[in-house]
$ cat start04.txt   # compact mmCIF, C-alpha atoms and all ligand atoms
# COMPACT_ATOMS: atom_id res chain seq x y z
CA MET A 1 -6.80 28.25 -6.10
CA GLU A 2 -6.40 30.71 -3.26
CA GLY A 3 -8.11 29.75 -0.04
CA ILE A 4 -8.84 26.21 -1.17
CA GLY A 5 -5.48 24.57 -1.81
CA ILE A 6 -4.10 22.43 -4.59
CA THR A 7 -5.99 19.32 -5.65
CA VAL A 8 -4.24 16.14 -6.81
CA THR A 9 -5.04 16.82 -10.45
CA GLU A 10 -3.86 20.42 -10.24
CA HIS A 11 -0.69 19.20 -8.58
CA LEU A 12 -0.09 16.68 -11.37
CA LEU A 13 -0.62 19.36 -14.01
CA LEU A 14 1.59 21.88 -12.19
CA HIS A 15 4.42 19.35 -12.18
CA GLN A 16 3.81 18.16 -15.70
CA LYS A 17 7.30 19.12 -16.78
CA GLU A 18 9.09 16.99 -14.15
CA SER A 19 6.58 14.17 -14.28
CA PRO A 20 6.28 12.13 -17.46
CA MET A 21 3.26 10.56 -15.74
CA ALA A 22 1.15 13.69 -16.07
CA THR A 23 -0.57 12.43 -19.19
CA GLY A 24 -4.30 12.56 -19.69
CA ARG A 25 -4.58 8.80 -19.39
CA PHE A 26 -2.65 8.59 -16.15
CA THR A 27 -4.67 11.49 -14.75
CA ARG A 28 -7.82 9.58 -15.69
CA LEU A 29 -6.50 6.47 -13.93
CA LEU A 30 -5.66 8.41 -10.78
CA ASN A 31 -8.99 10.25 -10.78
CA GLU A 32 -10.86 6.96 -11.04
CA LEU A 33 -8.80 5.52 -8.17
CA ILE A 34 -9.56 8.63 -6.14
CA PHE A 35 -13.25 8.35 -6.82
CA SER A 36 -13.22 4.67 -5.80
CA ALA A 37 -11.38 5.58 -2.59
CA LYS A 38 -13.96 8.25 -1.78
CA ILE A 39 -16.71 5.66 -2.07
CA ILE A 40 -14.74 3.23 0.11
CA ALA A 41 -13.99 5.99 2.65
CA ARG A 42 -17.68 6.82 2.86
CA GLU A 43 -18.52 3.20 3.69
CA VAL A 44 -15.61 2.88 6.12
CA LYS A 45 -16.94 5.93 7.99
CA LYS A 46 -20.23 4.21 8.69
CA ALA A 47 -18.77 0.74 9.22
CA GLY A 48 -20.10 0.50 12.76
CA LEU A 49 -23.58 1.38 11.54
CA VAL A 50 -23.73 -1.23 8.83
CA ASP A 51 -25.97 -3.56 10.82
CA ILE A 52 -28.40 -0.70 11.41
CA LEU A 53 -28.25 1.08 8.07
CA GLY A 54 -27.12 -1.52 5.59
CA LEU A 55 -24.76 -0.46 2.85
CA THR A 56 -27.44 1.61 1.13
CA GLY A 57 -27.98 3.96 4.07
CA GLU A 58 -31.56 2.79 4.43
CA ILE A 59 -32.96 1.07 7.50
CA ASN A 60 -32.21 -2.57 7.03
CA VAL A 61 -35.70 -3.97 7.63
CA GLN A 62 -35.51 -6.34 4.69
CA GLY A 63 -32.87 -8.44 6.37
CA GLU A 64 -30.69 -7.64 3.36
CA GLN A 65 -27.38 -9.35 3.36
CA VAL A 66 -24.61 -7.03 4.51
CA ARG A 67 -21.50 -7.31 2.42
CA LYS A 68 -18.17 -7.30 4.18
CA LEU A 69 -16.27 -4.07 3.81
CA ASP A 70 -13.20 -5.61 2.22
CA ASP A 71 -15.35 -7.38 -0.33
CA PHE A 72 -17.19 -4.11 -0.94
CA ALA A 73 -13.91 -2.23 -1.49
CA ASN A 74 -12.71 -4.91 -3.89
CA ARG A 75 -15.91 -4.77 -5.93
CA VAL A 76 -15.90 -0.96 -6.11
CA LEU A 77 -12.32 -0.89 -7.33
CA ILE A 78 -12.80 -3.65 -9.89
CA HIS A 79 -16.00 -2.18 -11.28
CA ARG A 80 -14.83 1.42 -11.49
CA MET A 81 -11.34 0.64 -12.76
CA GLN A 82 -12.64 -1.78 -15.39
CA HIS A 83 -14.67 1.10 -16.81
CA ALA A 84 -11.87 3.67 -16.66
CA GLY A 85 -10.73 2.87 -20.21
CA VAL A 86 -7.03 3.05 -19.29
CA LEU A 87 -6.29 -0.42 -17.92
CA CYS A 88 -5.63 -3.68 -19.69
CA ALA A 89 -5.93 -5.82 -16.54
CA MET A 90 -5.81 -5.82 -12.74
CA SER A 91 -4.74 -8.01 -9.88
CA SER A 92 -6.25 -7.82 -6.41
CA GLU A 93 -5.16 -9.36 -3.14
CA GLU A 94 -8.68 -10.78 -2.91
CA ASN A 95 -8.65 -12.54 -6.32
CA ALA A 96 -6.58 -15.60 -7.10
CA ASP A 97 -6.23 -14.76 -10.80
CA ILE A 98 -5.75 -11.80 -13.11
CA ILE A 99 -8.86 -9.64 -13.48
CA GLU A 100 -9.42 -8.90 -17.16
CA VAL A 101 -11.08 -5.84 -18.61
CA PRO A 102 -14.03 -7.29 -20.58
CA ASP A 103 -13.76 -7.07 -24.34
CA ASN A 104 -16.78 -4.78 -24.65
CA LEU A 105 -15.02 -2.07 -22.59
CA PRO A 106 -12.29 0.30 -23.79
CA LYS A 107 -8.77 -0.63 -22.70
CA GLY A 108 -5.46 1.08 -22.15
CA ASN A 109 -1.97 -0.14 -21.42
CA TYR A 110 -1.77 0.29 -17.63
CA LEU A 111 -1.84 -2.61 -15.15
CA LEU A 112 -3.22 -2.01 -11.67
CA ILE A 113 -2.36 -4.17 -8.66
CA PHE A 114 -4.06 -3.48 -5.34
CA ASP A 115 -4.87 -4.56 -1.83
CA PRO A 116 -8.43 -3.20 -1.57
CA LEU A 117 -8.58 -2.98 2.21
CA ASP A 118 -5.34 -3.66 4.02
CA GLY A 119 -5.53 -4.30 7.75
CA SER A 120 -8.74 -6.28 7.47
CA SER A 121 -8.48 -7.57 11.05
CA ASN A 122 -8.97 -3.95 12.16
CA ILE A 123 -12.09 -3.23 10.12
CA ASP A 124 -14.59 -4.10 12.82
CA VAL A 125 -12.89 -2.16 15.58
CA ASN A 126 -12.61 1.31 14.05
CA VAL A 127 -8.86 1.23 13.58
CA ASN A 128 -7.08 2.72 10.56
CA ILE A 129 -7.11 0.67 7.38
CA GLY A 130 -6.17 1.49 3.80
CA THR A 131 -6.04 0.70 0.09
CA ILE A 132 -2.59 0.07 -1.39
CA PHE A 133 -2.01 0.37 -5.14
CA SER A 134 0.74 -0.26 -7.65
CA ILE A 135 0.69 0.78 -11.30
CA HIS A 136 2.74 -0.70 -14.13
CA LYS A 137 2.71 -0.16 -17.84
CA LYS A 138 2.29 -3.26 -19.97
CA VAL A 139 5.66 -3.83 -21.58
CA SER A 140 4.93 -6.82 -23.78
CA GLN A 141 3.64 -6.09 -27.27
CA ARG A 142 1.09 -8.90 -27.22
CA PRO A 143 -2.49 -7.77 -27.77
CA TYR A 144 -3.59 -9.71 -24.68
CA VAL A 145 -2.38 -9.80 -21.06
CA THR A 146 -0.58 -12.77 -19.53
CA LEU A 147 0.75 -13.49 -16.05
CA ASP A 148 4.17 -12.46 -17.27
CA ASP A 149 2.95 -8.87 -17.69
CA PHE A 150 2.38 -8.75 -13.91
CA LEU A 151 5.54 -10.54 -12.83
CA ARG A 152 7.78 -7.51 -13.03
CA LYS A 153 10.30 -5.95 -10.69
CA GLY A 154 9.07 -3.26 -8.31
CA SER A 155 11.55 -0.88 -9.90
CA GLU A 156 9.39 -1.02 -13.05
CA GLN A 157 6.38 0.53 -11.29
CA VAL A 158 5.32 3.83 -12.81
CA ALA A 159 3.34 4.93 -9.77
CA ALA A 160 2.37 3.57 -6.36
CA GLY A 161 0.80 4.68 -3.14
CA TYR A 162 -2.05 4.22 -0.72
CA PHE A 163 -5.23 5.68 0.65
CA LEU A 164 -5.43 5.71 4.43
CA TYR A 165 -8.87 5.67 6.03
CA GLY A 166 -8.23 7.20 9.43
CA PRO A 167 -9.52 10.22 11.34
CA SER A 168 -9.07 11.88 7.95
CA THR A 169 -8.72 10.16 4.60
CA MET A 170 -5.32 10.58 2.96
CA LEU A 171 -3.70 9.77 -0.35
CA VAL A 172 0.08 9.33 -0.36
CA TYR A 173 1.67 8.48 -3.69
CA THR A 174 4.66 8.72 -5.97
CA THR A 175 5.26 8.70 -9.69
CA GLY A 176 9.01 8.41 -9.16
CA ASN A 177 9.50 12.09 -8.55
CA GLY A 178 9.21 12.35 -4.76
CA VAL A 179 6.27 11.58 -2.51
CA ASN A 180 3.29 13.81 -1.85
CA GLY A 181 0.44 13.50 0.62
CA PHE A 182 -3.09 14.76 0.07
CA THR A 183 -5.89 14.95 2.63
CA LEU A 184 -9.54 14.64 1.72
CA ASP A 185 -11.42 17.81 2.60
CA PRO A 186 -14.92 16.43 3.11
CA SER A 187 -16.47 19.89 2.75
CA VAL A 188 -15.38 20.16 -0.90
CA GLY A 189 -14.88 16.45 -1.62
CA GLU A 190 -11.35 16.94 -2.91
CA PHE A 191 -7.95 15.60 -1.88
CA LEU A 192 -5.84 18.69 -1.19
CA LEU A 193 -2.06 18.80 -1.04
CA SER A 194 -1.28 18.68 2.68
CA HIS A 195 2.15 17.02 2.85
CA PRO A 196 4.37 18.06 -0.09
CA ASP A 197 7.65 16.28 -0.77
CA ILE A 198 7.55 13.86 2.16
CA LYS A 199 10.94 12.74 3.49
CA ILE A 200 11.35 9.97 6.05
CA PRO A 201 13.90 10.67 8.83
CA GLU A 202 17.20 8.94 8.14
CA ARG A 203 17.04 7.13 11.47
CA GLY A 204 13.82 6.50 13.34
CA LYS A 205 12.46 6.21 16.83
CA VAL A 206 10.05 3.36 16.36
CA TYR A 207 10.23 -0.36 15.57
CA SER A 208 7.08 -2.14 14.45
CA ILE A 209 6.79 -5.90 14.46
CA ASN A 210 4.42 -8.54 15.78
CA GLU A 211 6.73 -9.63 18.56
CA SER A 212 4.54 -12.47 19.73
CA TYR A 213 6.07 -14.52 16.91
CA THR A 214 9.57 -14.37 18.44
CA CYS A 215 9.46 -18.12 19.02
CA TYR A 216 9.06 -18.66 15.26
CA TRP A 217 11.99 -16.46 14.18
CA ASP A 218 15.51 -17.54 13.46
CA GLU A 219 18.38 -16.35 15.62
CA LYS A 220 19.39 -13.49 13.33
CA THR A 221 15.88 -12.03 13.22
CA ARG A 222 15.81 -12.12 17.02
CA ARG A 223 19.11 -10.23 17.05
CA VAL A 224 17.65 -7.54 14.78
CA VAL A 225 14.78 -6.93 17.18
CA ASP A 226 17.13 -7.02 20.18
CA TYR A 227 19.19 -4.31 18.47
CA PHE A 228 16.24 -1.93 18.27
CA LYS A 229 15.38 -2.61 21.92
CA SER A 230 18.92 -2.12 23.14
CA PRO A 231 20.14 1.07 24.90
CA ASP A 232 23.49 0.46 23.15
CA ASN A 233 22.20 0.76 19.59
CA GLU A 234 23.22 3.57 17.20
CA ARG A 235 20.40 5.72 18.53
CA GLY A 236 21.73 5.37 22.05
CA LYS A 237 18.40 4.28 23.53
CA PRO A 238 15.71 1.72 22.82
CA TYR A 239 13.31 2.45 20.01
CA GLY A 240 9.65 2.70 20.96
CA ALA A 241 7.43 -0.26 20.00
CA ARG A 242 4.38 0.58 17.87
CA TYR A 243 2.33 -2.03 16.06
CA ILE A 244 -1.19 -1.43 14.81
CA GLY A 245 -1.53 -4.55 12.68
CA SER A 246 -2.50 -2.57 9.58
CA LEU A 247 0.59 -2.43 7.40
CA VAL A 248 -0.54 0.75 5.69
CA ALA A 249 -1.17 2.53 9.01
CA ASP A 250 2.07 1.31 10.60
CA PHE A 251 3.94 2.35 7.46
CA HIS A 252 2.30 5.77 7.37
CA ARG A 253 3.24 6.56 10.98
CA ASN A 254 6.83 5.45 10.44
CA LEU A 255 7.06 7.47 7.21
CA PHE A 256 6.52 10.64 9.21
CA TYR A 257 8.17 9.80 12.55
CA GLY A 258 10.90 7.58 11.17
CA GLY A 259 11.39 3.96 12.12
CA ILE A 260 11.29 0.45 10.79
CA PHE A 261 8.42 -1.92 10.08
CA MET A 262 9.34 -5.59 9.98
CA TYR A 263 7.43 -8.68 8.96
CA PRO A 264 10.15 -11.33 8.77
CA ALA A 265 9.99 -14.89 7.58
CA ASP A 266 8.96 -17.27 10.33
CA SER A 267 8.50 -20.98 10.82
CA ARG A 268 4.81 -20.79 11.80
CA ASP A 269 3.27 -21.82 8.54
CA PRO A 270 5.30 -24.04 6.21
CA ALA A 271 3.14 -22.69 3.37
CA LYS A 272 4.45 -19.18 4.01
CA PRO A 273 8.18 -19.65 4.46
CA ARG A 274 8.80 -16.11 3.22
CA GLY A 275 6.61 -14.18 5.61
CA LYS A 276 3.05 -13.00 5.26
CA LEU A 277 3.05 -9.85 3.18
CA ARG A 278 2.59 -9.91 -0.54
CA LEU A 279 5.29 -8.63 -2.85
CA LEU A 280 3.15 -7.17 -5.62
CA CYS A 281 0.28 -5.52 -3.76
CA GLU A 282 1.89 -4.64 -0.41
CA ALA A 283 5.69 -4.67 -0.28
CA SER A 284 6.55 -3.28 -3.73
CA PRO A 285 4.24 -0.24 -3.75
CA LEU A 286 5.30 0.78 -0.23
CA ALA A 287 8.94 0.17 -1.15
CA PHE A 288 8.57 2.56 -4.10
CA VAL A 289 7.04 5.19 -1.79
CA VAL A 290 9.66 4.79 0.93
CA GLU A 291 12.62 4.92 -1.48
CA GLN A 292 11.21 8.06 -3.06
CA ALA A 293 10.96 9.52 0.46
CA GLY A 294 14.63 8.72 1.12
CA GLY A 295 14.07 5.45 3.01
CA ALA A 296 14.71 1.82 2.15
CA ALA A 297 12.97 -1.53 1.87
CA SER A 298 14.55 -4.99 1.84
CA ASP A 299 13.58 -8.63 2.16
CA GLY A 300 16.71 -9.02 4.28
CA GLN A 301 18.89 -9.94 1.31
CA GLN A 302 18.07 -7.53 -1.49
CA PRO A 303 16.07 -4.36 -2.08
CA ILE A 304 12.37 -5.15 -2.46
CA LEU A 305 12.30 -3.18 -5.73
CA ASP A 306 14.90 -5.54 -7.25
CA ILE A 307 12.82 -8.67 -6.75
CA ARG A 308 11.08 -10.08 -9.79
CA ALA A 309 7.82 -11.67 -8.72
CA SER A 310 7.34 -15.34 -9.48
CA GLY A 311 3.62 -15.40 -8.74
CA LEU A 312 0.76 -12.93 -8.30
CA HIS A 313 0.53 -13.66 -4.58
CA GLU A 314 4.19 -14.24 -3.80
CA ARG A 315 5.07 -13.39 -0.20
CA VAL A 316 8.25 -11.72 1.02
CA PRO A 317 9.88 -10.90 4.33
CA LEU A 318 9.71 -7.12 4.71
CA PHE A 319 12.03 -4.65 6.44
CA ILE A 320 10.94 -1.13 5.48
CA GLY A 321 11.40 2.40 6.76
CA SER A 322 14.23 4.76 7.66
CA LYS A 323 17.35 4.14 5.60
CA LEU A 324 19.84 3.65 8.43
CA ASP A 325 17.47 1.40 10.37
CA VAL A 326 16.82 -0.87 7.39
CA GLU A 327 20.56 -0.97 6.60
CA GLN A 328 21.25 -1.96 10.20
CA ALA A 329 18.66 -4.75 10.08
CA VAL A 330 20.12 -6.09 6.81
CA LYS A 331 23.64 -5.95 8.27
CA ILE A 332 22.61 -8.03 11.29
CA LEU A 333 20.66 -10.50 9.14
CA ASN A 334 23.75 -11.07 6.99
CA GLY A 335 26.33 -10.92 9.78
P1 LIG B 1 -4.52 -8.26 5.18
O1 LIG B 1 -4.12 -7.70 3.83
O2 LIG B 1 -5.36 -9.49 5.06
O3 LIG B 1 -5.13 -7.22 6.04
O4 LIG B 1 -3.17 -8.82 5.89
C1 LIG B 1 -2.07 -8.02 5.96
C2 LIG B 1 -1.93 -7.44 7.35
C3 LIG B 1 -1.07 -6.23 7.39
O5 LIG B 1 -1.85 -5.08 7.22
C4 LIG B 1 -0.45 -6.28 8.74
O6 LIG B 1 0.79 -5.66 8.78
C5 LIG B 1 -0.33 -7.75 8.98
O7 LIG B 1 -1.31 -8.38 8.18
C6 LIG B 1 -0.58 -8.14 10.39
O8 LIG B 1 -0.36 -9.50 10.55
P2 LIG B 1 -0.22 -10.16 11.98
O9 LIG B 1 -1.58 -10.15 12.58
O10 LIG B 1 0.30 -11.52 11.72
O11 LIG B 1 0.74 -9.32 12.79
MG MG B 2 -2.97 -6.36 3.13
$ encode --input "start04.txt" --output "structure tokens" --more "lines below"
Ligand code: AHM
Ligand code: MG
Amino acid sequence: MEGIGITVTEHLLLHQKESPMATGRFTRLLNELIFSAKIIAREVKKAGLVDILGLTGEINVQGEQVRKLDDFANRVLIHRMQHAGVLCAMSSEENADIIEVPDNLPKGNYLLIFDPLDGSSNIDVNVNIGTIFSIHKKVSQRPYVTLDDFLRKGSEQVAAGYFLYGPSTMLVYTTGNGVNGFTLDPSVGEFLLSHPDIKIPERGKVYSINESYTCYWDEKTRRVVDYFKSPDNERGKPYGARYIGSLVADFHRNLFYGGIFMYPADSRDPAKPRGKLRLLCEASPLAFVVEQAGGAASDGQQPILDIRASGLHERVPLFIGSKLDVEQAVKILNG
């Protein structure tokens, strides 16, 4: 509507022809995710006041127990999405097992996988955090959901994206038909189309990695990072180093400015030989977004979207961002 802008739902409907996802049930799913994110964003905004106000907004004279924000986000998403009537099950980074939709609630055939509040180490210090989501359709014909329904390739996702809780709240998502960004206008309470058809620069200016782990990397990973720091690389000068420590925020910056985010495998923790980040709720959804924006994502050997998960919380090395930068990293890793 003139003077207000296009909301997410209007945008979905406008592109109904190109997007097979613009069904009533998918719209319902997205609207419920959006509503959950608005509730989470509201709590994130007053995170520093939690000790004074409590989560209810009332003066906390009762000594009520303050719930942690990531736990709060997880509960909001589970509760709201269980009642949406369009899911058959969920998986959250915070829960070891599949989260069922109780039998007394209506169900649908979508599966939702999410990281309720990514960047949790930044929650207490007012730095950008986000919610990452991945949506699949249940392919098996069984009347119930099993682990196998979740252990799919990223290329089978039907939609994916994230909410970023920063100076403004944003939704960036794809249904496989390009990537669009929406910004929450707090005055009307709607996400409005602010960044249509996002494309990541082919080559970036930024490399993002926790470089303090250099001592735990193998030789090839060190060479990759040296490449981005070298004045003799394809760019002709060193890339700038930027690392927030919130994957979703680092990814978002690189999506617009171009660059590469890396979380390689390291030898720090024998329990995590394949890096820290989770395939299903972190790497795959962002890989779907970046590929739709013209970028790339790899575990160093194969595209992230080609990997079939072997467990709900499987971890993968991640190299994600501008196409030429990711290709260069993969070339060095396999050289
Ligand atoms: P989280 O989901 O518990 O927040 O952990 C994932 C986060 C990512 O957001 C971020 O990229 C990474 O962990 C940072 O890890 P490190 O502190 O090892 O650099
Ligand atoms: Mg995370």
$ atom_distance --input "start04.txt" --atom1 "atom CA of A:Lys153" --atom2 "atom CA of A:Gln82"
23.8 Å
$ residues_around --input "start04.txt" --residues "A:His195" --least-positions-apart "5" --cutoff "8 Å" --atoms "all atoms listed in the file" --output "ChimeraX atom specification"
/A:180-182
$ residues_near_ligand --input "start04.txt" --ligand "ligand LIG 1 (chain B)" --cutoff "8 Å" --atoms "all atoms listed in the file" --output "PDB file with C-alpha atoms, keeping the file's coordinate frame"
ATOM      1  CA  GLU A  93      -5.160  -9.360  -3.140  1.00  0.00           C
ATOM      2  CA  ASP A 115      -4.870  -4.560  -1.830  1.00  0.00           C
ATOM      3  CA  LEU A 117      -8.580  -2.980   2.210  1.00  0.00           C
ATOM      4  CA  ASP A 118      -5.340  -3.660   4.020  1.00  0.00           C
ATOM      5  CA  GLY A 119      -5.530  -4.300   7.750  1.00  0.00           C
ATOM      6  CA  SER A 120      -8.740  -6.280   7.470  1.00  0.00           C
ATOM      7  CA  SER A 121      -8.480  -7.570  11.050  1.00  0.00           C
ATOM      8  CA  ASN A 122      -8.970  -3.950  12.160  1.00  0.00           C
ATOM      9  CA  ILE A 129      -7.110   0.670   7.380  1.00  0.00           C
ATOM     10  CA  ILE A 209       6.790  -5.900  14.460  1.00  0.00           C
ATOM     11  CA  ASN A 210       4.420  -8.540  15.780  1.00  0.00           C
ATOM     12  CA  ILE A 244      -1.190  -1.430  14.810  1.00  0.00           C
ATOM     13  CA  GLY A 245      -1.530  -4.550  12.680  1.00  0.00           C
ATOM     14  CA  SER A 246      -2.500  -2.570   9.580  1.00  0.00           C
ATOM     15  CA  LEU A 247       0.590  -2.430   7.400  1.00  0.00           C
ATOM     16  CA  VAL A 248      -0.540   0.750   5.690  1.00  0.00           C
ATOM     17  CA  ALA A 249      -1.170   2.530   9.010  1.00  0.00           C
ATOM     18  CA  ASP A 250       2.070   1.310  10.600  1.00  0.00           C
ATOM     19  CA  TYR A 263       7.430  -8.680   8.960  1.00  0.00           C
ATOM     20  CA  LYS A 276       3.050 -13.000   5.260  1.00  0.00           C
ATOM     21  CA  LEU A 277       3.050  -9.850   3.180  1.00  0.00           C
ATOM     22  CA  GLU A 282       1.890  -4.640  -0.410  1.00  0.00           C
TER      23      GLU A 282
END
$ closest_residue --input "start04.txt" --among "A:Val127, A:Ala265, A:Arg142, A:Gly108" --to "A:Cys215" --atoms "only C-alpha atoms"
A:Ala265
$ residues_around --input "start04.txt" --residues "A:Ile307" --least-positions-apart "4" --cutoff "9 Å" --atoms "all atoms listed in the file" --output "PyMOL selection string"
chain A and resi 152-155+279+284+299+302-303
$ write_last_selection --input "start04.txt" --atoms "C-alpha atoms" --output "PDB file, keeping the file's coordinate frame"
ATOM      1  CA  ARG A 152       7.780  -7.510 -13.030  1.00  0.00           C
ATOM      2  CA  LYS A 153      10.300  -5.950 -10.690  1.00  0.00           C
ATOM      3  CA  GLY A 154       9.070  -3.260  -8.310  1.00  0.00           C
ATOM      4  CA  SER A 155      11.550  -0.880  -9.900  1.00  0.00           C
ATOM      5  CA  LEU A 279       5.290  -8.630  -2.850  1.00  0.00           C
ATOM      6  CA  SER A 284       6.550  -3.280  -3.730  1.00  0.00           C
ATOM      7  CA  ASP A 299      13.580  -8.630   2.160  1.00  0.00           C
ATOM      8  CA  GLN A 302      18.070  -7.530  -1.490  1.00  0.00           C
ATOM      9  CA  PRO A 303      16.070  -4.360  -2.080  1.00  0.00           C
TER      10      PRO A 303
END
$ atom_distance --input "start04.txt" --atom1 "atom CA of A:Ile198" --atom2 "atom CA of A:His252"
11.0 Å
$ atom_distance --input "start04.txt" --atom1 "atom CA of A:Ile320" --atom2 "atom CA of A:Arg308"
17.7 Å
$ closest_residue --input "start04.txt" --among "A:Leu33, A:Thr131, A:Tyr173, A:Asn95" --to "ligand MG 2 (chain B)" --atoms "all atoms listed in the file"
A:Thr131
$ closest_residue --input "start04.txt" --among "A:His11, A:Arg25, A:Arg42, A:Lys68" --to "A:Ala84" --atoms "only C-alpha atoms"
A:Arg25
$ closest_residue --input "start04.txt" --among "A:Ile135, A:Ala89, A:Val145, A:Cys281" --to "ligand MG 2 (chain B)" --atoms "all atoms listed in the file"
A:Cys281
$ closest_residue --input "start04.txt" --among "A:Phe251, A:Tyr207, A:Phe191, A:Tyr257" --to "ligand MG 2 (chain B)" --atoms "only C-alpha atoms and all ligand atoms"
A:Phe251
$ residues_near_point --input "start04.txt" --point "(-0.8, 9.0, -0.6)" --cutoff "6 Å" --atoms "all atoms listed in the file" --output "PyMOL selection string"
chain A and resi 161-163+170-173+181
$ residues_near_point --input "start04.txt" --point "(4.7, -16.6, 1.9)" --cutoff "12 Å" --atoms "only C-alpha atoms" --output "JSON, numbers by chain"
{"A": [263, 264, 265, 266, 267, 268, 269, 270, 271, 272, 273, 274, 275, 276, 277, 278, 279, 299, 310, 311, 312, 313, 314, 315, 316, 317, 318]}
$ residues_around --input "start04.txt" --residues "A:Val326" --least-positions-apart "5" --cutoff "8 Å" --atoms "only C-alpha atoms" --output "ChimeraX atom specification"
/A:260,296-298,319-321
$ write_last_selection --input "start04.txt" --atoms "C-alpha atoms" --output "PDB file, in the frame of the given file"
ATOM      1  CA  ILE A 260      11.290   0.450  10.790  1.00  0.00           C
ATOM      2  CA  ALA A 296      14.710   1.820   2.150  1.00  0.00           C
ATOM      3  CA  ALA A 297      12.970  -1.530   1.870  1.00  0.00           C
ATOM      4  CA  SER A 298      14.550  -4.990   1.840  1.00  0.00           C
ATOM      5  CA  PHE A 319      12.030  -4.650   6.440  1.00  0.00           C
ATOM      6  CA  ILE A 320      10.940  -1.130   5.480  1.00  0.00           C
ATOM      7  CA  GLY A 321      11.400   2.400   6.760  1.00  0.00           C
TER       8      GLY A 321
END
$ closest_residue --input "start04.txt" --among "A:Lys199, A:Leu286, A:Gly5, A:Gly85" --to "ligand MG 2 (chain B)" --atoms "all atoms listed in the file"
A:Leu286
$ residues_around --input "start04.txt" --residues "A:Thr169" --least-positions-apart "4" --cutoff "6 Å" --atoms "all atoms listed in the file" --output "PyMOL selection string"
chain A and resi 164-165+183-184
